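A short write-up of the structure that comes next.
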Amino acid sequence: MSNISSIDSSASISPYTSGGRLDAYAIFQLNFEALGGEKYVKSEKNFRYQGDMQLGSATFQIEEFISKPLRNVTSIYSNFQIVYRSGDDGRNIWTEQNGNVYKFDDSNTNERELRKLWEEYAYTDPKNRTFKSNATKKVSIDGVNCYEVVIKNNKTNEIVTHYYDTETFLLKREIKDTGTQKIQHDFSDYQNVGNIKLAFQKDITFLNSGAKQSITWNNIQKGIYISDSRFIAPEDPRAEEESSNTTGLGTRLDRYA
């Protein structure tokens, strides 16, 4: 039986109940301790990630800014030029590609509410009424023994399955099943970033199609200042042209002047 000492308690934590069953919520606590401690993991809000993304035979540069709750922006570069951007300003989700911007209001959806709860680690709280987590069994993932934990919610059909290394208690794999799409994330190369650990390697498999991509983070910063303006969608050139037509001027308005 694996035990580690809790930072917040002198008592040791076991992944098993007194009756010998796997305990999902104890496994979550063991994971927190493996990452540096629950209070430290939960207190971090702002991150900047920089690295490389492998997509088929092509390699791109990728940069991500995250500011909890619910704000993020991802930029993908090729030859120092942005080829794709996506973001969330806390209300609207948006993408930009080939000069076209698409944005929609996502402020009142169940999915947004769930994302916020995930960012708050609500699924690790046995008293939370949205999530129900169950540790089901031990399985082998790429030769590593893992505890399987199934996480369900009462707002959508999504089921998330976590696989935690039985020795390190670090998350090795996550599978999200929305009912229409299954996406697998494999995490490795955990390194210290200040007083917490983060995975510097993420391999993604879209299980419906078999498509794969890999992200290797070369640098991760935490606790940094990030301006709110970074998450706002860029102006849509199509909207600018429509505005110029409305004015009757017959010329494109340049909002960046």
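Residue numbering restarts at 1 for every chain of the structure tokens, chains are lettered A, B, ... in their displayed order, and ligands are numbered from 1 as they appear.
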All residues 7 Å or closer to Lys172 of chain A, only C-alpha atoms, same chain fewer than 6 positions away omitted, as JSON, numbers by chain: {"A": [163, 164, 165, 186, 187, 188]}
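Here atom CA of Arg129 of chain A is placed at a distance of 10.5 Å from atom CA of Lys155 of chain A.
If only C-alpha atoms are the atoms counted, then among A:Ile66, A:Leu171, A:Ile27, A:Ile151 the closest residue to Ser227 of chain A is A:Ile66.
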Who sits within 12 Å of segment 195-210 of chain A, only C-alpha atoms, same chain under 3 positions skipped, as a PyMOL selection string: chain A and resi 31-44+47+49-56+168-192+213-223
Between atom CA of Tyr123 of chain A and atom CA of Asn108 of chain A - distance in Å to one decimal: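 Calculated distance between atom CA of Asn108 of chain A and atom CA of Tyr123 of chain A is 20.5 Å.
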Shell of 6 Å around Glu64 of chain A, only C-alpha atoms, local chain residues under 3 positions omitted, as a list in words: Arg48, Tyr49, Val73 and Thr74 of chain A
Filtered DSSP result for segment 98-178 of chain A, state strand (DSSP E or B), as a PyMOL selection string: chain A and resi 100-105+131-141+144-153+159-165+171-177
Length of the atom CA of Ile62 of chain A to atom CA of Ile226 of chain A vector [Å]: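 For atom CA of Ile62 of chain A relative to atom CA of Ile226 of chain A, the distance reads 17.3 Å.
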Residue neighbourhood Tyr16 of chain A, 9 Å, only C-alpha atoms, exclusion window fewer than 4 positions, as a VMD selection string: chain A and resid 1 20 to 24 26 to 27
Helix (DSSP H, G or I) call set, DSSP backbone run, segment 48-191 of chain A, as an MDAnalysis selection string: chainID A and resid 110:119 122:124
Selected residue, from A:Tyr77, A:Lys138, A:Phe104, A:Asn46, that lies nearest to Phe65 of chain A when counting only C-alpha atoms: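 The shortest atom-to-atom distance to Phe65 of chain A comes from A:Asn46.
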